[in-house]
Amino acid sequence: MWAAAGLVTLGFFVVLECAARRYGEAGPLTVEAREVIFAPHSGPLLYAGLALTMVVVTWRQRFIAAGVAVGIDIVFWLVRWAVGADMNFGNGALWVILGCAVLAVTRRTGAERSLLLKGSGLGLLLVFGHKTGDTWLLITSKTRPTVLDPYVATVDHALGNPSWLVGRFMEATGPLSGHVLGVVYGQLPLAAALVGLYQLRHVGTERHFPAHHLVRTFLAIGLIGPAVYMIFPVVGPLYAYGPDGGSWAVANIWPDVLPPIATHAVPFDQITPRNCMPSLHTAWATSLFIHTRQGSRVMRYAGTFWLVATLTATLGFGYHYGADLIAGVVFALTVEATMRAVARGWDRSATVLVSYGSVVFTVLLVSYRFAPRSIAAYPWLFGPLLLLAMATVIHLYVRTTKLWDPKFVPVPQPESRPADPHPELA
């Protein structure tokens with residue numbers, strides 16, 4: 001199964017590479033191959049991938065791997081400084097991840113080889129997932145010359161135009177809130193990596209991965225979500241109705257003036273990604289929230305904070321409409337349910353949950369596209385209905401997964417026998 005999954009993933013990357021080449025850009029395979037030698041785009045991401053790889057080895061081996069990675073980076077840094085090349089770090093982390101894969105193939109056998117290959121693959125998937133997202137966004141901007149922002153903005157009238165409301169709140173609270181929310185929004189992958197490392201902390205000693213963990217869902221959301229961008233291209237209020245859209249914007253009115261009710265596609269540039277429907281930041285933050293529920297109190301609080309702050313940032317920065325967030329929550333729960341069902345085995349409850357989430361998600365997209373005027377005309381009816389649709393998916397997910405989670409059964413203690421009143425007769 002793992003070999004088949006690897007071949008399918010490799011084929012997917014090759015297809016994306018060919019698609020990117022068609023538009024004159026390097027794809028994920030080329031970009032990552034360059035980072036073996038040239039300055040990487042994201043050093044922290046590469047070290048996060050290395051951290052995921054190292055969960056399968058002992059602490060002694062982790063210290064050795066980290067030391068080798070840092071040493072290689074120091075050498076690269078000195079060479080680049082000497083020749084005046086671009087300065088960055090992360091090559092060492094990539095070298096060690098690839099080295100672990102080579103070591104698994106050449107020096108390990110059986111279960112140890114499989115475990116080390118899984119660790120290397122997990123680290124590489126995190127890195128390639130980011131590059132894949134960049135390629136997806138390029139494809140959306142090149143292949144979708146028009147966007148459907150007026151449709152979603154019209155639907156948002158039934159929700160109270162949350163992006164305009166939160167955008168004004170952000171302007172009123174000044175740069176401090178914007179800086180804090182910007183850090184939260186931008187460091188969501190780092191937060192997910194930390195939670196993933198917490199969930200995988202026992203792999204090195206138990207010698208096997210847990211059946212399900214956050215990294216699986218996080219990667220699945222990132223790989224599947226952009227395909228929906230192709231079906232429903234949207235750029236967001238900041239671009240369609242704000243200053244960042246330039247001459248392509250419908251009007252420069254965000255967040256001061258509410259958008260008009262309109263249902264027509266808008267031509268847009270071939271640079272801005274069509275990456276709004278659904279909101280993947282919302283989906284990722286939702287999955288992060290779910291996976292922190294089984295952690296410590298601090299982790300639960302952190303997961304709640306990250307979810308609330310991410311939702312506020314997506315709206316307040318003008319990156320998403322309210323309708324995007326509703327679709328993002330439903331999408332996240334459906335993907336999460338699918339990944340959990342794959343891990344535990346399919347049954348009737350899993351089929352019902354995944355099917356219902358898929359149907360609700362499809363109905364949302366269809367209603368956004370073909371009934372936005374009706375939704376905006378009756379906000380007192382359709383606004384609560386949209387929220388209710390999301391709430392029913394949340395309720396079914398919580399109810400179903402509670403049945404899936406193993407119940408704690410106390411270990412029966414041996415019955416205590418009363419002391420013998422006449423020990424001398426024993």
# chains A, B, ... in the order shown; residues from 1 in each chain; ligands from 1

call {"tool": "residues_around", "arguments": {"residues": "Gly316 of chain A", "least_positions_apart": "2", "cutoff": "7 Å", "atoms": "only C-alpha atoms", "output": "ChimeraX atom specification"}}
result
/A:163,166-167,170,312-314,318

call {"tool": "residues_around", "arguments": {"residues": "segment 296-307 of chain A", "least_positions_apart": "4", "cutoff": "6 Å", "atoms": "only C-alpha atoms", "output": "number ranges by chain"}}
result
A: 285, 289, 292

call {"tool": "write_last_selection", "arguments": {"atoms": "all heavy atoms", "output": "short mmCIF file (atom, residue, chain, number, x, y, z; two decimals), in the first residue's frame"}}
result
data_model
loop_
_atom_site.label_atom_id
_atom_site.label_comp_id
_atom_site.auth_asym_id
_atom_site.auth_seq_id
_atom_site.Cartn_x
_atom_site.Cartn_y
_atom_site.Cartn_z
N ALA A 285 -6.80 25.60 10.39
CA ALA A 285 -6.97 25.99 11.79
C ALA A 285 -8.02 25.12 12.47
O ALA A 285 -7.89 24.81 13.66
CB ALA A 285 -7.37 27.47 11.86
N PHE A 289 -7.37 22.79 15.68
CA PHE A 289 -8.24 22.84 16.87
C PHE A 289 -8.69 21.44 17.27
O PHE A 289 -8.66 21.08 18.45
CB PHE A 289 -9.44 23.74 16.57
CG PHE A 289 -10.49 23.75 17.65
CD1 PHE A 289 -10.33 24.52 18.78
CD2 PHE A 289 -11.63 22.96 17.53
CE1 PHE A 289 -11.29 24.53 19.78
CE2 PHE A 289 -12.60 22.96 18.52
CZ PHE A 289 -12.43 23.74 19.65
N THR A 292 -5.90 19.34 18.92
CA THR A 292 -5.42 19.78 20.22
C THR A 292 -6.39 19.43 21.34
O THR A 292 -6.05 19.61 22.52
CB THR A 292 -5.19 21.31 20.25
OG1 THR A 292 -6.38 21.99 19.85
CG2 THR A 292 -4.05 21.68 19.31
#

call {"tool": "residues_around", "arguments": {"residues": "Phe128 of chain A", "least_positions_apart": "5", "cutoff": "9 Å", "atoms": "only C-alpha atoms", "output": "mmCIF file with C-alpha atoms, in the first residue's frame"}}
result
data_model
loop_
_atom_site.group_PDB
_atom_site.id
_atom_site.type_symbol
_atom_site.label_atom_id
_atom_site.label_comp_id
_atom_site.auth_asym_id
_atom_site.auth_seq_id
_atom_site.Cartn_x
_atom_site.Cartn_y
_atom_site.Cartn_z
ATOM 1 C CA PHE A 13 4.114 15.801 -8.584
ATOM 2 C CA PRO A 28 7.780 21.506 -7.210
ATOM 3 C CA LEU A 29 10.307 18.875 -8.305
ATOM 4 C CA GLU A 32 13.202 21.299 -4.505
ATOM 5 C CA GLY A 123 9.413 15.218 6.102
ATOM 6 C CA GLY A 133 0.624 24.748 -3.081
#

call {"tool": "atom_distance", "arguments": {"atom1": "atom CA of Phe382 of chain A", "atom2": "atom CA of Ala158 of chain A"}}
result
6.4 Å

call {"tool": "residues_around", "arguments": {"residues": "segment 396-405 of chain A", "least_positions_apart": "5", "cutoff": "8 Å", "atoms": "only C-alpha atoms", "output": "ChimeraX atom specification"}}
result
/A:333,337,349-350,353

call {"tool": "residues_around", "arguments": {"residues": "Gly186 of chain A", "least_positions_apart": "5", "cutoff": "10 Å", "atoms": "only C-alpha atoms", "output": "list in words"}}
result
Leu181, Ala191, His281, Thr310 and Ala313 of chain A

call {"tool": "residues_around", "arguments": {"residues": "segment 248-265 of chain A", "least_positions_apart": "5", "cutoff": "12 Å", "atoms": "only C-alpha atoms", "output": "compact mmCIF listing (two decimals) with C-alpha atoms, in the first residue's frame"}}
result
# COMPACT_ATOMS: atom_id res chain seq x y z
CA ARG A 144 -8.92 31.16 -14.63
CA PRO A 145 -9.05 34.60 -16.32
CA THR A 146 -12.28 35.54 -14.49
CA VAL A 147 -13.24 35.36 -10.82
CA LEU A 148 -16.58 34.93 -9.05
CA ASP A 149 -16.11 37.42 -6.21
CA PRO A 150 -19.39 39.29 -6.84
CA TYR A 151 -21.29 36.04 -6.27
CA VAL A 152 -19.65 35.38 -2.90
CA ALA A 153 -19.86 39.04 -1.86
CA THR A 154 -23.59 38.91 -2.59
CA VAL A 155 -24.00 35.76 -0.47
CA ASP A 156 -22.18 37.55 2.35
CA HIS A 157 -25.01 40.08 2.59
CA ALA A 158 -27.01 37.30 4.28
CA GLY A 160 -23.84 40.51 7.66
CA ASN A 161 -20.79 41.16 5.43
CA PRO A 162 -18.31 39.86 8.05
CA SER A 163 -15.17 40.79 6.10
CA TRP A 164 -16.24 44.44 5.99
CA LEU A 165 -17.23 44.36 9.67
CA VAL A 166 -14.00 42.77 10.92
CA GLY A 167 -11.96 44.91 8.50
CA ARG A 168 -13.31 48.04 10.16
CA PHE A 169 -12.56 46.55 13.57
CA MET A 170 -8.96 45.94 12.50
CA GLU A 171 -8.63 49.53 11.31
CA ALA A 172 -10.04 50.82 14.59
CA PHE A 232 -14.74 28.26 -7.89
CA PRO A 233 -12.05 30.94 -8.54
CA VAL A 234 -12.19 33.80 -6.02
CA VAL A 235 -9.46 36.31 -5.07
CA GLY A 236 -10.93 37.90 -1.92
CA PRO A 237 -12.25 41.33 -0.82
CA LEU A 238 -8.80 42.94 -0.54
CA TYR A 239 -8.23 42.36 -4.26
CA ALA A 240 -11.71 42.39 -5.81
CA TYR A 241 -12.98 45.34 -3.75
CA GLY A 242 -9.83 46.78 -2.20
CA PRO A 243 -6.62 48.63 -2.99
CA GLN A 270 -2.96 36.40 -14.22
CA ILE A 271 -0.83 36.98 -11.11
CA THR A 272 -3.20 37.01 -8.13
CA LEU A 315 -11.66 38.32 7.49
CA GLY A 316 -9.90 41.36 8.93
CA PHE A 317 -7.10 41.36 6.36
CA GLY A 318 -9.62 41.05 3.53
CA TYR A 319 -8.34 37.66 2.39
CA HIS A 320 -11.71 35.88 2.62
CA TYR A 321 -15.46 36.31 2.70
CA TYR A 368 -23.12 30.34 -3.84
CA ARG A 369 -22.87 30.05 -7.62
CA PHE A 370 -26.50 29.80 -8.72
CA ALA A 371 -28.61 31.38 -5.96
CA PRO A 372 -26.67 34.32 -4.48
CA ARG A 373 -29.39 36.90 -5.23
CA SER A 374 -32.05 34.81 -3.51
CA ILE A 375 -29.78 34.29 -0.52
CA ALA A 376 -29.09 38.03 -0.24
CA ALA A 377 -32.78 38.92 -0.72

call {"tool": "select_by_dssp", "arguments": {"residues": "segment 114-335 of chain A", "states": "strand (DSSP E or B)", "output": "PDB file with N, CA and C atoms, in the first residue's frame"}}
result
ATOM      1  N   THR A 146     -11.227  34.810 -15.202  1.00  0.00           N
ATOM      2  CA  THR A 146     -12.282  35.540 -14.493  1.00  0.00           C
ATOM      3  C   THR A 146     -12.463  34.962 -13.100  1.00  0.00           C
ATOM      4  N   VAL A 147     -13.000  35.787 -12.202  1.00  0.00           N
ATOM      5  CA  VAL A 147     -13.244  35.360 -10.822  1.00  0.00           C
ATOM      6  C   VAL A 147     -14.702  35.594 -10.468  1.00  0.00           C
ATOM      7  N   VAL A 266     -15.892  38.465 -13.041  1.00  0.00           N
ATOM      8  CA  VAL A 266     -15.055  39.642 -13.198  1.00  0.00           C
ATOM      9  C   VAL A 266     -13.704  39.229 -13.786  1.00  0.00           C
ATOM     10  N   PRO A 267     -13.272  39.844 -14.864  1.00  0.00           N
ATOM     11  CA  PRO A 267     -11.919  39.534 -15.363  1.00  0.00           C
ATOM     12  C   PRO A 267     -10.861  40.024 -14.376  1.00  0.00           C
TER      13      PRO A 267
END

call {"tool": "atom_distance", "arguments": {"atom1": "atom CA of Gly196 of chain A", "atom2": "atom CA of Ala51 of chain A"}}
result
10.0 Å

call {"tool": "residues_around", "arguments": {"residues": "segment 202-215 of chain A", "least_positions_apart": "4", "cutoff": "6 Å", "atoms": "only C-alpha atoms", "output": "list in words"}}
result
Val55, Val56, Val57, Thr58, Gly196 and Ala343 of chain A

call {"tool": "select_by_dssp", "arguments": {"residues": "segment 206-412 of chain A", "states": "alpha helix (DSSP H)", "output": "number ranges by chain"}}
result
A: 206, 214-231, 237-240, 280-291, 297-316, 322-344, 348-370, 372-377, 379-404

call {"tool": "atom_distance", "arguments": {"atom1": "atom CA of Arg80 of chain A", "atom2": "atom CA of Glu35 of chain A"}}
result
13.5 Å

call {"tool": "closest_residue", "arguments": {"among": "A:His179, A:Arg293, A:Arg108, A:Arg62", "to": "Val96 of chain A", "atoms": "only C-alpha atoms"}}
result
A:Arg62

call {"tool": "closest_residue", "arguments": {"among": "A:Thr362, A:Ser367, A:Asn91, A:Thr53", "to": "Gly71 of chain A", "atoms": "only C-alpha atoms"}}
result
A:Asn91
